[in-house]
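K.L.:
Dumping the structure here so I can ask a few things about it.
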Amino acid sequence: MANEALIRELQDALGEAHVLHLPEDLIGYEYDATIERARPDAVVLPGSAEEVAAAVEIASRHRVPVVPRGSGTGLAGGAVPVLGGVALVMTRMNRILELDPVNRVAVLEPGVINLDLQDRCAAHGLRYAPDPSSQRICTIGGNVGTNAGGPHTLAHGSTVNHVLGIEVVLPDGRLTWLGGRQPDVPGPDLRGVLCGSEGTLGIVTKVCVALVSLPPDVRTMLAIFDSIEDASEAVSAVIRGGVLPVAMEMLDQAIIRIVEPQMHVGYPLDAGAVLLIEVEGVPESVEADVERVETACRGAGAREIRVAESEEERARLWEGRKGGIGAIGASSPNFYILDGVVPRTKLPEVMAAVNGLADEYGFRCANIFHAGDGNLHPNIMFDELDEGATERVLDLGGEIMRVCVEAGGSITGEHGIGFEKRSYMEWIFAPQDIEAMERLRIAFGTGDTFNPCKVMPSGHGCASGHAAELRQHIATPGVYI
């Protein structure tokens, strides 16, 4: 039963309409876009930084954890309240407070949708560079929490490269700013520390971001290959040829055959893989880059290269990439999307290993990912009603992550660690490295009160061992020992 005193104090501070506590209301907040499930004790929808601070202070006095949440599009269980407590849902805080086209900065609340910011900036000839594939629904606060990337990360970098300052609520309810309005603020880079901390160090209530000019010219190409190995070779060949595209995305045959019948964007069904490549800049340099890209792709075995001749054609090609994950959801009862990183030069062998493991486990796997920076997104399709399927998918996911690490890569490129991959942290960090990170929680004073059981391999009240705790969660949702 929910803590009645906690609920009453939250209602007094935020209003009854903005505090949810009935089971039928809470069920919509027990999951994000991955497999994990756990129900909060209460959900609050603050409308201001002061209301966030009030909710945090109340939760602190009642000794219950707080878990920040945006639109719930996270792919690592980061917004799942695995120990219950208060879910802080930031979607009401969705105002763009300032857009300064002269100084190229914007100040906004964390619930602002990424694409809404892009649309506002475009009217001034500007853009906010990070563009996650979920940008139509994901929030800026969530992007900060996971240090989100997107297709254009290859040239423009991830969220941390475009955030100038962050206002956060600390565990005692105090508001403070980290960073500022300039790229280089004196002192330790605490703004950078917050980006990617997934709500474990502070609750984001405002963000100051840098904006960049829209390019004078953009060209988008679709390179078509007979095999995923040839497409993988082309990725390195393009960059080796002297071009750094702003985006270089790969879709394999499995995802093409899911996307094209649903979206009709022009991907050939018989292709082994396609590369969606984009270059931008002044027209003269763009023309030269297009020629270099075509030469590199043909040298790697491309059978055809199409260059979008209109904005409509360009948008259609990108629609297939941006909507690819949704298309998988429409074609499979369940799917599990992974997020690993490998060196570009290792793509051919790693892709072969990923697909081989999926075949060995008996699951369909569709790959759609940021090939330019080696950020893989294998999508394992399954039906959770098949006995043992979810457990086997989790085991397969662990093996794929191990392949990425052994290839010299990492366990995440943009989705974050969350709950899903925290036990894998020990694969890439030494004990002293993890201890140093854990000390950050001590320094910020959050301990296990802000988003517990996330990012770090262990914590008070959290089971140890990724596979073991997930299997336990599947058997008994919301229960941890």
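Every chain in the structure tokens takes a letter, A first, then B, and so on in the order presented; its residues are numbered from 1, and the ligands are numbered from 1 following the presented order.
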Give me the residues near Ala76 in chain A as a list of chain:residue names, where near means some atom within 8 Å (using only C-alpha atoms) and where sequence neighbours in that chain fewer than 2 positions away do not count.

P.N.:
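Answer for this query is A:Ala33, A:Thr34, A:Gly74, A:Gly78, A:His415, A:Gly416, A:Ile417, A:Gly418, A:Phe419, A:Glu420, A:Lys421.
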
K.L.:
Name the residues of range 105-245 of chain A that come out as strand (DSSP E or B) in a backbone DSSP run; write them as a ChimeraX atom specification.

P.N.:
/A:105-108,113,126-127,139,163-169,175-179,203-210,212-213,217-225

K.L.:
Nearest to Arg219 in chain A: which of A:Glu313, A:Ile203, A:Ala296, A:Val163 is it, counting only C-alpha atoms?

P.N.:
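With only C-alpha atoms as the atom set, the closest residue is A:Glu313.
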
K.L.:
With a distance cut-off of 12 Å and only C-alpha atoms, select the neighbouring residues of Pro333 in chain A, excluding the residue or stretch itself and same-chain residues fewer than 6 positions from it, and output the selection as a PyMOL selection string.

P.N.:
chain A and resi 327+380-386+389-390

K.L.:
Which is closer to Ile166 in chain A than all the others in A:Gly266, A:Pro452, A:Gly85, A:Gly145, using only C-alpha atoms?

P.N.:
A:Gly145

K.L.:
Report, in Å with one decimal, the straight-line distance from CA of Arg104 in chain A to CA of Ala123 in chain A.

P.N.:
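These two atoms are separated by 12.9 Å.
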
K.L.:
For range 295-373 of chain A against range 220-232 of chain A, with a cut-off of 9 Å and counting only C-alpha atoms, what is the closest atom pair and its distance in Å to one decimal for every residue that makes the cut, ordered by chain and number, as JSON lines?

P.N.:
{"residue": "A:Cys297", "atom": "CA", "partner": "A:Ala223", "partner_atom": "CA", "distance": 7.0}
{"residue": "A:Arg298", "atom": "CA", "partner": "A:Ala223", "partner_atom": "CA", "distance": 8.7}
{"residue": "A:Ala300", "atom": "CA", "partner": "A:Asp230", "partner_atom": "CA", "distance": 5.9}
{"residue": "A:Gly301", "atom": "CA", "partner": "A:Asp230", "partner_atom": "CA", "distance": 6.0}
{"residue": "A:Ala302", "atom": "CA", "partner": "A:Phe225", "partner_atom": "CA", "distance": 4.8}
{"residue": "A:Arg303", "atom": "CA", "partner": "A:Phe225", "partner_atom": "CA", "distance": 5.7}
{"residue": "A:Glu304", "atom": "CA", "partner": "A:Ile224", "partner_atom": "CA", "distance": 5.3}
{"residue": "A:Ile305", "atom": "CA", "partner": "A:Ala223", "partner_atom": "CA", "distance": 4.4}
{"residue": "A:Arg306", "atom": "CA", "partner": "A:Leu222", "partner_atom": "CA", "distance": 5.1}
{"residue": "A:Val307", "atom": "CA", "partner": "A:Met221", "partner_atom": "CA", "distance": 4.4}
{"residue": "A:Ala308", "atom": "CA", "partner": "A:Thr220", "partner_atom": "CA", "distance": 5.6}
{"residue": "A:Glu309", "atom": "CA", "partner": "A:Thr220", "partner_atom": "CA", "distance": 8.7}
{"residue": "A:Arg314", "atom": "CA", "partner": "A:Thr220", "partner_atom": "CA", "distance": 6.1}
{"residue": "A:Leu317", "atom": "CA", "partner": "A:Leu222", "partner_atom": "CA", "distance": 7.8}
{"residue": "A:Trp318", "atom": "CA", "partner": "A:Thr220", "partner_atom": "CA", "distance": 8.8}
{"residue": "A:Arg344", "atom": "CA", "partner": "A:Ser232", "partner_atom": "CA", "distance": 8.0}
{"residue": "A:Thr345", "atom": "CA", "partner": "A:Ser232", "partner_atom": "CA", "distance": 8.2}
{"residue": "A:Lys346", "atom": "CA", "partner": "A:Ser232", "partner_atom": "CA", "distance": 8.6}
{"residue": "A:Leu347", "atom": "CA", "partner": "A:Ser232", "partner_atom": "CA", "distance": 5.7}
{"residue": "A:Pro348", "atom": "CA", "partner": "A:Glu229", "partner_atom": "CA", "distance": 5.1}
{"residue": "A:Glu349", "atom": "CA", "partner": "A:Glu229", "partner_atom": "CA", "distance": 8.1}
{"residue": "A:Met351", "atom": "CA", "partner": "A:Ile228", "partner_atom": "CA", "distance": 7.8}
{"residue": "A:Ala352", "atom": "CA", "partner": "A:Glu229", "partner_atom": "CA", "distance": 8.0}
{"residue": "A:Ala371", "atom": "CA", "partner": "A:Ser232", "partner_atom": "CA", "distance": 7.7}

K.L.:
Got a sec to tell me which of range 190-382 of chain A DSSP assigns to alpha helix (DSSP H), as a ChimeraX atom specification?

P.N.:
/A:190-194,228-240,253-263,283-299,311-322,324-331,347-361

K.L.:
Quick one: distance from CA of Ile113 in chain A to CA of Ile7 in chain A in Å, one decimal?

P.N.:
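Computed distance, CA of Ile113 in chain A to CA of Ile7 in chain A, equals 28.6 Å.
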
K.L.:
With only C-alpha atoms as the basis for distance, which of A:Glu438, A:Glu167, A:Glu312, A:Glu414 is at the shortest distance from Gly149 in chain A?

P.N.:
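Of A:Glu438, A:Glu167, A:Glu312, A:Glu414, the one nearest Gly149 in chain A, counting only C-alpha atoms, is A:Glu414.
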